[in-house]
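What follows is one structure encoded as structure tokens, with my remarks underneath.
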Amino acid sequence: MPWSDLRDEDQLTWRFAVVDDESDFYDRPTADLDPPEAWVEAIVAVARDLRCFRYGRDVNPDRLIWELSIGHGDAVMIGWNGTAGISGFSLCDGTMRMDASFAQAARWVADTAQTELAGYDFVQWPSQGRHLLIPRCMDDIAVWFDRHTDQKVAPIGELCKAVW
């Protein structure tokens with residue numbers, strides 16, 4: 001089913017876990033409609049990064065059920081269903097569209113997840129305990145950036161390979 005046939009729908013939502021760096025879908029708006037690939041890849045990359053350089057409350061990314069929605073005007077909303085003391089959320093800032101590049105999507109997903117986790121006591125991610133890295137797009141690549149050293153640390157999705 002082409003996207004143009006679904007433009008009158010209020011919102012299309014996919015729900016999935018990230019297991020072994022792959023998306024495992026629990027719910028789809030229709031059986032024959034796949035979500036935008038760049039957005040799924042961005043969520044998988046951020047979920048992979050959630051496994052490392054996190055301090056404070058335990059957040060098991062394998063237990064999160066991510067949500068990706070496309071709404072009016074192709075606006076993207078992301079979130080997760082809560083688990084193990086982490087509540088759920090959904091966020092759409094109105095500027096991110098379904099045709100965003102992987103770098104744009106990964107930067108926004110990383111920033112959104114980081115902001116959500118910052119609302120919990122003693123959760124710092126990604127950090128080595130001194131300060132947080134920030135997600136940025138540099139030369140069309142989504143990276144974790146250290147403002148204090150003015151250097152990129154790792155591409156988003158490859159943070160666990162970084163040694164800094």
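Residue names in the structure tokens use chain letters A, B, ... in the order shown, residue numbers from 1 in each chain, and ligand numbers from 1 in the order shown.
Surrounding segment 61-71 of chain A within 8 Å are Glu9, Asp10, Gln11, Leu12, Thr13, Trp14, Arg15, Phe16, Ala17, Val18, Val19, Pro35, Trp39, Val40, Ile43, Ala47, Arg48, Leu50, Arg51, Val76, Met77, Ile78, Gly79, Trp80, Asn81, Gly82, Thr83, Ser90 and Met98 of chain A, with only C-alpha atoms counted and residues fewer than 5 positions along the same chain left out.
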### Message
For segment 104-112 of chain A, find every residue with an atom within 10 Å (counting only C-alpha atoms), except residues of its own chain fewer than 3 positions away, and show them as an MDAnalysis selection string.
### Response
chainID A and resid 38:47 49:50 76:79 90:93 96:101 115:118 125:126 134:137 140:144 155:157
Non-local contacts of Val123 of chain A (12 Å; only C-alpha atoms; under 4 positions in same chain excluded) as a PDB file with N, CA and C atoms, in the first residue's frame:
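What follows is the written file part-v1.pdb:
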ATOM      1  N   LEU A  50      22.668   3.008  24.101  1.00  0.00           N
ATOM      2  CA  LEU A  50      22.157   3.023  25.478  1.00  0.00           C
ATOM      3  C   LEU A  50      22.819   1.957  26.354  1.00  0.00           C
ATOM      4  N   PHE A  53      28.320   3.626  28.602  1.00  0.00           N
ATOM      5  CA  PHE A  53      28.598   4.990  29.061  1.00  0.00           C
ATOM      6  C   PHE A  53      27.377   5.645  29.707  1.00  0.00           C
ATOM      7  N   ARG A  54      26.599   4.814  30.414  1.00  0.00           N
ATOM      8  CA  ARG A  54      25.443   5.312  31.139  1.00  0.00           C
ATOM      9  C   ARG A  54      25.714   5.132  32.625  1.00  0.00           C
ATOM     10  N   TYR A  55      25.449   6.136  33.389  1.00  0.00           N
ATOM     11  CA  TYR A  55      25.662   6.095  34.831  1.00  0.00           C
ATOM     12  C   TYR A  55      24.366   6.402  35.545  1.00  0.00           C
ATOM     13  N   GLY A  56      24.129   5.706  36.630  1.00  0.00           N
ATOM     14  CA  GLY A  56      22.929   5.926  37.411  1.00  0.00           C
ATOM     15  C   GLY A  56      21.969   4.767  37.261  1.00  0.00           C
ATOM     16  N   ARG A  57      20.708   5.080  37.308  1.00  0.00           N
ATOM     17  CA  ARG A  57      19.637   4.079  37.267  1.00  0.00           C
ATOM     18  C   ARG A  57      19.806   3.141  36.065  1.00  0.00           C
ATOM     19  N   ASP A  58      19.519   1.866  36.302  1.00  0.00           N
ATOM     20  CA  ASP A  58      19.618   0.871  35.243  1.00  0.00           C
ATOM     21  C   ASP A  58      18.512   1.099  34.207  1.00  0.00           C
ATOM     22  N   VAL A  59      18.902   1.147  32.972  1.00  0.00           N
ATOM     23  CA  VAL A  59      17.964   1.253  31.864  1.00  0.00           C
ATOM     24  C   VAL A  59      18.314   0.124  30.912  1.00  0.00           C
ATOM     25  N   ILE A  86      11.362   3.141  34.511  1.00  0.00           N
ATOM     26  CA  ILE A  86      11.498   4.212  33.519  1.00  0.00           C
ATOM     27  C   ILE A  86      10.131   4.370  32.857  1.00  0.00           C
ATOM     28  N   ALA A 113      16.196  10.903  23.494  1.00  0.00           N
ATOM     29  CA  ALA A 113      16.405   9.879  24.522  1.00  0.00           C
ATOM     30  C   ALA A 113      17.258  10.431  25.661  1.00  0.00           C
ATOM     31  N   GLN A 114      18.299  11.186  25.329  1.00  0.00           N
ATOM     32  CA  GLN A 114      19.161  11.777  26.359  1.00  0.00           C
ATOM     33  C   GLN A 114      18.359  12.729  27.249  1.00  0.00           C
ATOM     34  N   THR A 115      17.530  13.552  26.650  1.00  0.00           N
ATOM     35  CA  THR A 115      16.708  14.492  27.404  1.00  0.00           C
ATOM     36  C   THR A 115      15.709  13.754  28.288  1.00  0.00           C
ATOM     37  N   GLU A 116      15.096  12.706  27.769  1.00  0.00           N
ATOM     38  CA  GLU A 116      14.146  11.921  28.556  1.00  0.00           C
ATOM     39  C   GLU A 116      14.840  11.295  29.762  1.00  0.00           C
ATOM     40  N   LEU A 117      16.000  10.705  29.569  1.00  0.00           N
ATOM     41  CA  LEU A 117      16.717  10.063  30.675  1.00  0.00           C
ATOM     42  C   LEU A 117      17.221  11.076  31.697  1.00  0.00           C
ATOM     43  N   ALA A 118      17.494  12.293  31.266  1.00  0.00           N
ATOM     44  CA  ALA A 118      17.975  13.321  32.190  1.00  0.00           C
ATOM     45  C   ALA A 118      16.914  13.687  33.225  1.00  0.00           C
ATOM     46  N   GLY A 119      15.676  13.327  32.978  1.00  0.00           N
ATOM     47  CA  GLY A 119      14.611  13.609  33.924  1.00  0.00           C
ATOM     48  C   GLY A 119      14.588  12.671  35.117  1.00  0.00           C
ATOM     49  N   SER A 127      28.076   9.399  29.201  1.00  0.00           N
ATOM     50  CA  SER A 127      28.989  10.124  30.060  1.00  0.00           C
ATOM     51  C   SER A 127      30.031   9.172  30.620  1.00  0.00           C
ATOM     52  N   GLN A 128      31.165   9.722  30.973  1.00  0.00           N
ATOM     53  CA  GLN A 128      32.133   8.962  31.750  1.00  0.00           C
ATOM     54  C   GLN A 128      32.143   9.505  33.173  1.00  0.00           C
ATOM     55  N   GLY A 129      31.064  10.117  33.566  1.00  0.00           N
ATOM     56  CA  GLY A 129      30.923  10.622  34.919  1.00  0.00           C
ATOM     57  C   GLY A 129      31.299  12.083  35.076  1.00  0.00           C
ATOM     58  N   HIS A 131      30.981  14.713  32.326  1.00  0.00           N
ATOM     59  CA  HIS A 131      30.062  15.558  31.578  1.00  0.00           C
ATOM     60  C   HIS A 131      29.416  14.734  30.469  1.00  0.00           C
ATOM     61  N   LEU A 132      28.294  15.223  29.982  1.00  0.00           N
ATOM     62  CA  LEU A 132      27.566  14.520  28.935  1.00  0.00           C
ATOM     63  C   LEU A 132      28.132  14.837  27.566  1.00  0.00           C
TER      64      LEU A 132
END
### Task
Work out how far apart atom CA of Pro36 of chain A and atom CA of Phe102 of chain A are and give it in Å to one decimal.
9.9 Å
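Residues in contact with Val153 of chain A at up to 10 Å, not including ones fewer than 2 positions away on its chain and judged by only C-alpha atoms, are A:Leu133, A:Ile134, A:Val143, A:Trp144, A:Phe145, A:Asp146, A:Thr149, A:Asp150, A:Gln151, A:Pro155, A:Ile156, A:Glu158, A:Leu159, A:Lys161, A:Ala162, A:Val163, A:Trp164.
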### Query
Suppose you want the space between atom CA of Gly73 of chain A and atom CA of Gly94 of chain A; what is it in Å?
9.0 Å
### Message
Between atom CA of Thr30 of chain A and atom CA of Ala75 of chain A, what is the distance in Å, rounded to a tenth?
### Response
18.6 Å
### Query
If you run DSSP on this backbone, which residues of segment 4-147 of chain A come out as strand (DSSP E), and could you give them as a PyMOL selection string?
chain A and resi 11-19+22-27+65-71+76-81+89-91+134-138+141-146
### Query
Could you write out, as number ranges by chain, all the residues of chain A that DSSP marks as alpha helix (DSSP H)?
A: 37-49, 102-118
